file final_12.cif (mmCIF, C-alpha atoms)
data_entry
loop_
_atom_site.label_atom_id
_atom_site.label_comp_id
_atom_site.auth_asym_id
_atom_site.auth_seq_id
_atom_site.Cartn_x
_atom_site.Cartn_y
_atom_site.Cartn_z
CA MET A 14 136.57 280.66 -5.36
CA THR A 15 139.86 282.31 -4.49
CA GLN A 16 141.17 285.60 -5.81
CA ASN A 17 143.47 283.64 -8.13
CA ASP A 18 140.66 281.78 -9.85
CA ALA A 19 139.76 283.05 -13.31
CA GLY A 20 136.76 282.58 -15.57
CA ASN A 21 133.00 282.66 -15.23
CA TYR A 22 132.45 279.47 -13.25
CA VAL A 23 131.81 278.99 -9.54
CA ASN A 24 132.51 275.60 -7.93
CA PHE A 25 129.78 274.99 -5.34
CA GLY A 26 130.80 271.54 -4.11
CA VAL A 27 128.04 269.22 -2.93
CA ARG A 28 125.57 272.05 -2.38
CA GLU A 29 122.78 271.66 -4.92
CA PHE A 30 120.22 273.78 -3.06
CA ALA A 31 122.71 276.59 -2.34
CA MET A 32 123.91 276.46 -5.95
CA SER A 33 120.38 276.82 -7.30
CA ALA A 34 119.37 279.50 -4.77
CA ILE A 35 122.47 281.54 -5.60
CA ALA A 36 121.60 281.27 -9.29
CA ASN A 37 118.19 282.70 -8.45
CA GLY A 38 119.85 285.57 -6.63
CA LEU A 39 122.03 286.26 -9.64
CA ALA A 40 118.96 286.22 -11.88
CA LEU A 41 117.26 288.72 -9.57
CA HIS A 42 120.32 290.96 -9.67
CA GLY A 43 120.30 290.94 -13.48
CA GLY A 44 123.06 291.61 -15.95
CA PHE A 45 123.45 288.06 -17.20
CA ILE A 46 121.55 284.77 -17.23
CA PRO A 47 122.91 282.21 -14.72
CA TYR A 48 122.98 278.49 -15.38
CA VAL A 49 124.00 275.72 -13.00
CA GLY A 50 124.56 272.01 -13.43
CA THR A 51 124.51 268.70 -11.59
CA PHE A 52 123.18 265.14 -12.00
CA LEU A 53 119.41 264.95 -12.49
CA THR A 54 118.92 262.77 -9.42
CA PHE A 55 120.28 265.60 -7.27
CA SER A 56 117.50 267.92 -8.41
CA ASP A 57 115.77 266.53 -5.31
CA TYR A 58 118.10 268.61 -3.16
CA ALA A 59 117.64 271.69 -5.34
CA ARG A 60 113.87 271.40 -5.78
CA ASN A 61 112.79 274.18 -3.43
CA ALA A 62 115.02 276.70 -5.20
CA VAL A 63 113.84 275.46 -8.61
CA ARG A 64 110.25 275.85 -7.48
CA MET A 65 110.94 279.38 -6.25
CA ALA A 66 112.53 280.26 -9.60
CA ALA A 67 109.32 279.16 -11.31
CA LEU A 68 107.13 280.99 -8.81
CA MET A 69 109.17 284.20 -9.15
CA LYS A 70 109.43 283.91 -12.96
CA LEU A 71 113.23 284.08 -12.86
CA ARG A 72 115.54 283.54 -15.83
CA SER A 73 117.49 280.74 -14.15
CA ILE A 74 118.62 277.73 -16.16
CA PHE A 75 119.14 274.37 -14.45
CA VAL A 76 121.21 271.85 -16.42
CA TYR A 77 120.86 268.23 -15.31
CA THR A 78 122.89 265.34 -16.72
CA HIS A 79 122.77 261.54 -16.33
CA ASP A 80 119.02 261.66 -16.79
CA SER A 81 117.88 258.03 -16.45
CA ILE A 82 118.82 254.45 -15.65
CA GLY A 83 121.46 254.92 -18.36
CA LEU A 84 123.72 256.21 -15.59
CA GLY A 85 124.51 252.55 -15.10
CA GLU A 86 127.01 251.27 -12.59
CA ASP A 87 126.36 253.92 -9.93
CA GLY A 88 123.12 252.09 -9.25
CA PRO A 89 119.55 253.08 -8.37
CA THR A 90 120.51 255.81 -5.88
CA HIS A 91 121.91 257.83 -8.80
CA GLN A 92 119.46 256.73 -11.50
CA SER A 93 116.73 259.33 -11.92
CA VAL A 94 113.47 257.48 -12.57
CA GLU A 95 110.78 259.87 -11.33
CA HIS A 96 112.66 263.16 -11.55
CA ALA A 97 111.77 264.30 -15.08
CA SER A 98 108.05 263.81 -14.43
CA ALA A 99 108.30 265.47 -11.01
CA LEU A 100 109.96 268.56 -12.46
CA ARG A 101 107.33 268.76 -15.21
CA LEU A 102 104.65 269.10 -12.53
CA ILE A 103 106.09 272.41 -11.29
CA PRO A 104 104.00 275.27 -12.77
CA ASN A 105 105.81 277.72 -15.05
CA LEU A 106 108.88 275.50 -15.40
CA ASP A 107 109.93 274.41 -18.89
CA VAL A 108 111.63 271.01 -18.78
CA TRP A 109 113.56 270.01 -21.89
CA ARG A 110 114.75 266.46 -22.60
CA PRO A 111 116.38 266.66 -26.04
CA CYS A 112 117.16 263.61 -28.15
CA ASP A 113 120.26 264.84 -30.03
CA THR A 114 122.49 267.83 -30.75
CA VAL A 115 119.88 269.70 -32.80
CA GLU A 116 117.21 269.52 -30.12
CA SER A 117 119.86 270.40 -27.51
CA ALA A 118 120.77 273.56 -29.41
CA VAL A 119 117.12 274.59 -29.70
CA ALA A 120 116.49 273.81 -26.04
CA TRP A 121 119.41 276.00 -25.00
CA SER A 122 118.29 278.80 -27.32
CA GLU A 123 114.73 278.69 -25.99
CA ALA A 124 115.91 278.62 -22.38
CA ILE A 125 118.07 281.70 -23.00
CA ALA A 126 115.29 283.53 -24.84
CA ARG A 127 112.61 282.89 -22.22
CA VAL A 128 111.94 285.99 -20.11
CA ASP A 129 109.07 284.85 -17.87
CA GLY A 130 110.40 281.76 -16.14
CA PRO A 131 113.17 279.19 -15.68
CA ALA A 132 114.08 276.12 -17.67
CA CYS A 133 115.58 272.72 -16.93
CA LEU A 134 117.70 270.95 -19.55
CA LEU A 135 117.95 267.19 -19.06
CA PHE A 136 120.77 265.36 -20.81
CA THR A 137 121.59 261.69 -21.11
CA ARG A 138 124.93 260.12 -20.27
CA GLN A 139 125.06 257.67 -23.18
CA SER A 140 125.64 258.51 -26.82
CA VAL A 141 122.57 259.09 -28.99
CA PRO A 142 122.25 259.07 -32.79
CA PHE A 143 121.68 262.21 -34.84
CA ASN A 144 118.26 262.57 -36.49
CA ALA A 145 118.04 264.18 -39.91
CA ARG A 146 115.39 266.90 -40.24
CA ASP A 147 114.18 269.42 -42.78
CA ALA A 148 113.90 273.14 -42.04
CA ASP A 149 110.25 272.92 -41.00
CA GLN A 150 110.99 270.19 -38.49
CA ILE A 151 113.87 272.16 -36.99
CA ALA A 152 111.59 275.18 -36.64
CA ALA A 153 108.93 272.99 -35.00
CA ILE A 154 111.25 271.87 -32.19
CA GLN A 155 110.58 275.17 -30.45
CA ARG A 156 106.91 274.15 -30.20
CA GLY A 157 107.89 271.48 -27.69
CA GLY A 158 106.61 268.51 -29.70
CA TYR A 159 106.66 267.79 -33.42
CA VAL A 160 106.51 265.05 -36.05
CA LEU A 161 110.00 263.63 -36.46
CA ARG A 162 109.13 260.69 -38.72
CA ASP A 163 105.87 260.23 -40.60
CA SER A 164 104.10 257.87 -42.97
CA PRO A 165 100.91 258.07 -45.05
CA ASP A 166 97.79 256.62 -43.43
CA ILE A 167 99.33 256.18 -40.00
CA ARG A 168 97.82 253.55 -37.70
CA ALA A 169 99.60 254.58 -34.49
CA VAL A 170 101.69 257.37 -32.97
CA VAL A 171 104.79 256.78 -30.86
CA ILE A 172 105.74 259.69 -28.57
CA ALA A 173 109.28 259.69 -27.20
CA THR A 174 111.82 261.93 -25.52
CA GLY A 175 115.58 262.03 -25.09
CA SER A 176 117.56 258.86 -25.58
CA GLU A 177 114.40 256.84 -26.25
CA VAL A 178 113.59 258.69 -29.48
CA SER A 179 116.03 256.39 -31.26
CA LEU A 180 113.98 253.39 -30.06
CA ALA A 181 110.82 254.94 -31.50
CA VAL A 182 112.53 255.54 -34.85
CA GLY A 183 113.86 251.99 -34.88
CA ALA A 184 110.40 250.62 -34.11
CA GLN A 185 108.86 252.66 -36.91
CA GLU A 186 111.36 251.25 -39.38
CA GLN A 187 110.74 247.70 -38.23
CA LEU A 188 106.96 248.10 -38.33
CA ALA A 189 107.12 249.63 -41.80
CA LYS A 190 108.63 246.38 -43.06
CA ALA A 191 105.51 244.63 -41.76
CA GLY A 192 103.24 247.12 -43.52
CA ILE A 193 102.27 249.01 -40.35
CA ALA A 194 102.53 252.80 -40.77
CA VAL A 195 103.58 254.66 -37.62
CA ARG A 196 104.28 258.32 -36.82
CA VAL A 197 107.13 259.22 -34.45
CA VAL A 198 106.63 262.35 -32.37
CA SER A 199 109.57 263.79 -30.47
CA MET A 200 108.37 265.78 -27.46
CA PRO A 201 111.40 267.41 -25.82
CA CYS A 202 109.33 269.94 -23.83
CA THR A 203 105.81 268.93 -22.80
CA SER A 204 104.87 272.27 -21.20
CA LEU A 205 105.76 274.16 -24.37
CA PHE A 206 103.77 271.70 -26.45
CA ASP A 207 100.80 272.22 -24.12
CA ARG A 208 100.95 275.98 -24.79
CA GLN A 209 100.48 275.48 -28.52
CA SER A 210 97.11 275.91 -30.20
CA ALA A 211 94.61 273.08 -30.11
CA ALA A 212 94.88 272.82 -33.89
CA TYR A 213 98.65 272.35 -33.78
CA ARG A 214 98.46 269.76 -31.01
CA ALA A 215 95.78 267.83 -32.87
CA GLY A 216 97.90 267.97 -36.01
CA VAL A 217 100.77 266.31 -34.18
CA LEU A 218 98.66 263.88 -32.12
CA PRO A 219 95.56 263.08 -34.20
CA VAL A 220 92.45 262.26 -32.22
CA GLY A 221 91.42 258.62 -32.40
CA VAL A 222 94.81 257.26 -33.44
CA PRO A 223 96.30 254.75 -30.92
CA ARG A 224 99.33 256.11 -29.04
CA VAL A 225 102.41 254.73 -27.34
CA ALA A 226 104.76 256.80 -25.16
CA VAL A 227 108.39 255.82 -24.58
CA GLU A 228 110.55 257.31 -21.82
CA ALA A 229 113.06 255.79 -19.39
CA GLY A 230 111.11 257.03 -16.37
CA VAL A 231 107.84 256.59 -14.50
CA THR A 232 104.77 256.02 -16.63
CA GLY A 233 102.08 258.00 -14.79
CA PHE A 234 102.84 261.38 -16.36
CA TRP A 235 102.32 260.12 -19.92
CA HIS A 236 98.68 259.12 -19.60
CA LYS A 237 97.67 262.72 -20.36
CA TYR A 238 99.06 262.19 -23.87
CA VAL A 239 98.27 258.56 -24.67
CA GLY A 240 95.03 257.85 -22.78
CA ALA A 241 93.69 256.32 -19.59
CA VAL A 242 95.30 253.39 -17.81
CA ASP A 243 92.56 251.03 -18.99
CA ASP A 244 92.47 252.33 -22.58
CA PRO A 245 93.29 249.37 -24.84
CA HIS A 246 94.58 251.76 -27.50
CA ALA A 247 97.17 253.38 -25.21
CA ALA A 248 100.49 252.04 -23.93
CA ILE A 249 103.57 253.37 -22.17
CA VAL A 250 107.04 251.87 -22.30
CA GLY A 251 108.54 253.13 -19.04
CA ILE A 252 109.80 252.06 -15.62
CA ASP A 253 107.85 252.21 -12.37
CA ARG A 254 110.52 250.85 -10.05
CA PHE A 255 114.06 251.76 -9.11
CA GLY A 256 116.92 250.66 -11.33
CA GLU A 257 119.85 248.33 -10.84
CA SER A 258 123.63 248.57 -11.02
CA ALA A 259 124.91 247.45 -14.43
CA PRO A 260 126.15 248.94 -17.71
CA ALA A 261 123.58 251.12 -19.47
CA GLY A 262 123.07 248.72 -22.36
CA VAL A 263 122.37 245.84 -20.00
CA LEU A 264 119.90 247.91 -17.98
CA PHE A 265 117.99 249.17 -20.99
CA LYS A 266 117.54 245.63 -22.27
CA HIS A 267 116.65 244.31 -18.79
CA PHE A 268 113.93 246.93 -18.28
CA GLY A 269 112.48 246.59 -21.77
CA PHE A 270 113.84 249.72 -23.45
CA THR A 271 114.42 248.05 -26.78
CA VAL A 272 113.08 248.44 -30.30
CA GLU A 273 111.39 245.05 -29.95
CA HIS A 274 109.45 246.12 -26.85
CA VAL A 275 108.27 249.31 -28.56
CA VAL A 276 107.17 247.29 -31.58
CA ALA A 277 105.26 244.93 -29.28
CA ALA A 278 103.56 247.89 -27.56
CA VAL A 279 102.44 249.30 -30.91
CA ARG A 280 101.07 245.95 -32.01
CA ARG A 281 99.22 245.69 -28.69
CA VAL A 282 97.39 249.02 -29.07
CA LEU A 283 96.38 248.04 -32.60
CA GLU A 284 94.68 244.81 -31.56
#
call {"tool": "encode", "arguments": {"input": "final_12.cif", "output": "structure tokens"}}
result
Amino acid sequence: MTQNDAGNYVNFGVREFAMSAIANGLALHGGFIPYVGTFLTFSDYARNAVRMAALMKLRSIFVYTHDSIGLGEDGPTHQSVEHASALRLIPNLDVWRPCDTVESAVAWSEAIARVDGPACLLFTRQSVPFNARDADQIAAIQRGGYVLRDSPDIRAVVIATGSEVSLAVGAQEQLAKAGIAVRVVSMPCTSLFDRQSAAYRAGVLPVGVPRVAVEAGVTGFWHKYVGAVDDPHAAIVGIDRFGESAPAGVLFKHFGFTVEHVVAAVRRVLE
């Protein structure tokens, strides 16, 4: 910055690690809570500083946009496939992937309020629909995972994050027409959900009910929530390869991120 620049923003250029390390220094200094932003795929360059923020329990906030293959025409080099799961593996780091404006507001509020560690906020490029909620559901967002849509006598649970929550909701509606009751669980922050009581977690994800996870990223991380790889009552709609260069809508259809594929996955775990 020059002496003529005004405001509270620093332009770092293409310096993701330096940007994140400087944010950590600002957090150590105190006085305000720093946040920095870049594309999610570039969290690779910043990872060591993000890890140190978690290790040192700093109040740094890392905002990452363009969080999946939905980035589109920039191609697989810029499409973050494994990054959300990789960040979730860092101890003491809360990773939020909100599905709409309400979850985004709660994620930001929780990141600001947290005093014992950093947070990452992952945002999609494409537009996402708003999800109506009651007051209890809004309050439950801060638990990291909650029931977004429910039905009596559910036969399966669909867990989703971010832009794929709308696919889970669409699948539930389609399955309901066929007489198949499904619960939709939005899980914007897995680490926060894991810190909840066993009773709460079991209330959201009932034991013995078949589960399907939906996220536009690698599948391996989600087995801890749906079941083992060879469990016939568990399925994951994800992507375990690099993307392609095409408009987001074309890519999502090409890689199976559609309501129809989620419906098929639910039917499969119910067989």
call {"tool": "atom_distance", "arguments": {"input": "final_12.cif", "atom1": "atom CA of A:Val170", "atom2": "atom CA of A:Arg146"}}
result
18.2 Å
call {"tool": "closest_residue", "arguments": {"input": "final_12.cif", "among": "A:Gly175, A:Gly44, A:Pro131, A:Pro142", "to": "A:His79", "atoms": "only C-alpha atoms"}}
result
A:Gly175
call {"tool": "residues_around", "arguments": {"input": "final_12.cif", "residues": "A:Val263", "least_positions_apart": "5", "cutoff": "12 Å", "atoms": "all atoms listed in the file", "output": "MDAnalysis selection string"}}
result
chainID A and resid 82:86 256:258 268:271
call {"tool": "atom_distance", "arguments": {"input": "final_12.cif", "atom1": "atom CA of A:Ser122", "atom2": "atom CA of A:Trp109"}}
result
11.4 Å
call {"tool": "residues_near_point", "arguments": {"input": "final_12.cif", "point": "(114.7, 273.5, -2.1)", "cutoff": "12 Å", "atoms": "only C-alpha atoms", "output": "PyMOL selection string"}}
result
chain A and resi 28-35+37+55-66
call {"tool": "write_last_selection", "arguments": {"input": "final_12.cif", "atoms": "C-alpha atoms", "output": "PDB file, in the frame of the given file"}}
result
ATOM      1  CA  ARG A  28     125.570 272.050  -2.380  1.00  0.00           C
ATOM      2  CA  GLU A  29     122.780 271.660  -4.920  1.00  0.00           C
ATOM      3  CA  PHE A  30     120.220 273.780  -3.060  1.00  0.00           C
ATOM      4  CA  ALA A  31     122.710 276.590  -2.340  1.00  0.00           C
ATOM      5  CA  MET A  32     123.910 276.460  -5.950  1.00  0.00           C
ATOM      6  CA  SER A  33     120.380 276.820  -7.300  1.00  0.00           C
ATOM      7  CA  ALA A  34     119.370 279.500  -4.770  1.00  0.00           C
ATOM      8  CA  ILE A  35     122.470 281.540  -5.600  1.00  0.00           C
ATOM      9  CA  ASN A  37     118.190 282.700  -8.450  1.00  0.00           C
ATOM     10  CA  PHE A  55     120.280 265.600  -7.270  1.00  0.00           C
ATOM     11  CA  SER A  56     117.500 267.920  -8.410  1.00  0.00           C
ATOM     12  CA  ASP A  57     115.770 266.530  -5.310  1.00  0.00           C
ATOM     13  CA  TYR A  58     118.100 268.610  -3.160  1.00  0.00           C
ATOM     14  CA  ALA A  59     117.640 271.690  -5.340  1.00  0.00           C
ATOM     15  CA  ARG A  60     113.870 271.400  -5.780  1.00  0.00           C
ATOM     16  CA  ASN A  61     112.790 274.180  -3.430  1.00  0.00           C
ATOM     17  CA  ALA A  62     115.020 276.700  -5.200  1.00  0.00           C
ATOM     18  CA  VAL A  63     113.840 275.460  -8.610  1.00  0.00           C
ATOM     19  CA  ARG A  64     110.250 275.850  -7.480  1.00  0.00           C
ATOM     20  CA  MET A  65     110.940 279.380  -6.250  1.00  0.00           C
ATOM     21  CA  ALA A  66     112.530 280.260  -9.600  1.00  0.00           C
TER      22      ALA A  66
END
call {"tool": "decode", "arguments": {"input": "final_12.cif", "residues": "stretch 186-267 of chain A", "atoms": "C-alpha atoms", "output": "mmCIF file, in the first residue's frame"}}
result
data_model
loop_
_atom_site.group_PDB
_atom_site.id
_atom_site.type_symbol
_atom_site.label_atom_id
_atom_site.label_comp_id
_atom_site.auth_asym_id
_atom_site.auth_seq_id
_atom_site.Cartn_x
_atom_site.Cartn_y
_atom_site.Cartn_z
ATOM 1 C CA GLU A 186 -38.947 -33.650 -2.943
ATOM 2 C CA GLN A 187 -38.716 -36.065 -5.847
ATOM 3 C CA LEU A 188 -38.492 -39.110 -3.574
ATOM 4 C CA ALA A 189 -41.451 -37.905 -1.521
ATOM 5 C CA LYS A 190 -43.594 -38.142 -4.652
ATOM 6 C CA ALA A 191 -42.612 -41.813 -4.846
ATOM 7 C CA GLY A 192 -43.536 -42.371 -1.197
ATOM 8 C CA ILE A 193 -39.935 -42.517 0.065
ATOM 9 C CA ALA A 194 -39.385 -40.354 3.161
ATOM 10 C CA VAL A 195 -35.928 -38.772 3.374
ATOM 11 C CA ARG A 196 -34.245 -36.396 5.834
ATOM 12 C CA VAL A 197 -31.897 -33.688 4.537
ATOM 13 C CA VAL A 198 -29.047 -32.715 6.856
ATOM 14 C CA SER A 199 -27.015 -29.619 6.075
ATOM 15 C CA MET A 200 -23.533 -29.904 7.570
ATOM 16 C CA PRO A 201 -21.705 -26.613 6.966
ATOM 17 C CA CYS A 202 -19.014 -27.286 9.602
ATOM 18 C CA THR A 203 -18.078 -30.907 10.294
ATOM 19 C CA SER A 204 -15.621 -30.170 13.127
ATOM 20 C CA LEU A 205 -18.237 -28.183 15.029
ATOM 21 C CA PHE A 206 -20.767 -30.964 14.524
ATOM 22 C CA ASP A 207 -18.213 -33.447 15.881
ATOM 23 C CA ARG A 208 -17.902 -31.371 19.074
ATOM 24 C CA GLN A 209 -21.603 -31.714 19.834
ATOM 25 C CA SER A 210 -22.915 -34.255 22.320
ATOM 26 C CA ALA A 211 -23.417 -37.843 21.226
ATOM 27 C CA ALA A 212 -27.139 -37.420 21.826
ATOM 28 C CA TYR A 213 -27.372 -34.424 19.498
ATOM 29 C CA ARG A 214 -25.360 -36.121 16.767
ATOM 30 C CA ALA A 215 -27.495 -39.251 16.994
ATOM 31 C CA GLY A 216 -30.611 -37.096 16.826
ATOM 32 C CA VAL A 217 -29.442 -35.612 13.544
ATOM 33 C CA LEU A 218 -27.955 -38.818 12.093
ATOM 34 C CA PRO A 219 -29.989 -41.717 13.524
ATOM 35 C CA VAL A 220 -28.114 -44.970 13.927
ATOM 36 C CA GLY A 221 -29.172 -47.669 11.498
ATOM 37 C CA VAL A 222 -30.718 -45.355 8.913
ATOM 38 C CA PRO A 223 -29.017 -45.542 5.459
ATOM 39 C CA ARG A 224 -27.031 -42.417 4.570
ATOM 40 C CA VAL A 225 -25.920 -40.595 1.442
ATOM 41 C CA ALA A 226 -23.419 -37.712 1.417
ATOM 42 C CA VAL A 227 -23.325 -35.141 -1.380
ATOM 43 C CA GLU A 228 -20.406 -32.760 -1.938
ATOM 44 C CA ALA A 229 -18.592 -31.572 -5.073
ATOM 45 C CA GLY A 230 -15.252 -32.876 -3.817
ATOM 46 C CA VAL A 231 -13.367 -36.063 -2.992
ATOM 47 C CA THR A 232 -15.400 -38.808 -1.373
ATOM 48 C CA GLY A 233 -12.956 -40.280 1.166
ATOM 49 C CA PHE A 234 -13.646 -37.798 3.956
ATOM 50 C CA TRP A 235 -17.368 -38.581 4.079
ATOM 51 C CA HIS A 236 -17.113 -42.244 5.013
ATOM 52 C CA LYS A 237 -16.860 -41.237 8.689
ATOM 53 C CA TYR A 238 -20.463 -40.016 8.431
ATOM 54 C CA VAL A 239 -22.124 -42.452 6.028
ATOM 55 C CA GLY A 240 -20.298 -45.751 6.619
ATOM 56 C CA ALA A 241 -17.538 -47.946 5.239
ATOM 57 C CA VAL A 242 -16.666 -48.179 1.553
ATOM 58 C CA ASP A 243 -18.258 -51.631 1.298
ATOM 59 C CA ASP A 244 -21.381 -50.750 3.315
ATOM 60 C CA PRO A 245 -24.375 -51.348 1.017
ATOM 61 C CA HIS A 246 -26.395 -48.814 3.003
ATOM 62 C CA ALA A 247 -23.913 -45.960 2.450
ATOM 63 C CA ALA A 248 -23.222 -43.885 -0.650
ATOM 64 C CA ILE A 249 -21.355 -40.713 -1.561
ATOM 65 C CA VAL A 250 -22.065 -38.476 -4.529
ATOM 66 C CA GLY A 251 -18.686 -36.820 -5.064
ATOM 67 C CA ILE A 252 -15.735 -36.564 -7.439
ATOM 68 C CA ASP A 253 -12.449 -38.440 -7.142
ATOM 69 C CA ARG A 254 -10.717 -37.022 -10.199
ATOM 70 C CA PHE A 255 -9.774 -33.593 -11.483
ATOM 71 C CA GLY A 256 -12.367 -31.497 -13.279
ATOM 72 C CA GLU A 257 -12.661 -30.192 -16.814
ATOM 73 C CA SER A 258 -12.991 -26.804 -18.482
ATOM 74 C CA ALA A 259 -16.639 -25.987 -19.197
ATOM 75 C CA PRO A 260 -19.494 -23.891 -17.776
ATOM 76 C CA ALA A 261 -20.481 -24.860 -14.236
ATOM 77 C CA GLY A 262 -23.855 -26.273 -15.236
ATOM 78 C CA VAL A 263 -22.285 -28.518 -17.842
ATOM 79 C CA LEU A 264 -19.661 -29.773 -15.395
ATOM 80 C CA PHE A 265 -22.133 -30.527 -12.633
ATOM 81 C CA LYS A 266 -24.246 -32.586 -15.005
ATOM 82 C CA HIS A 267 -21.179 -34.304 -16.511
#
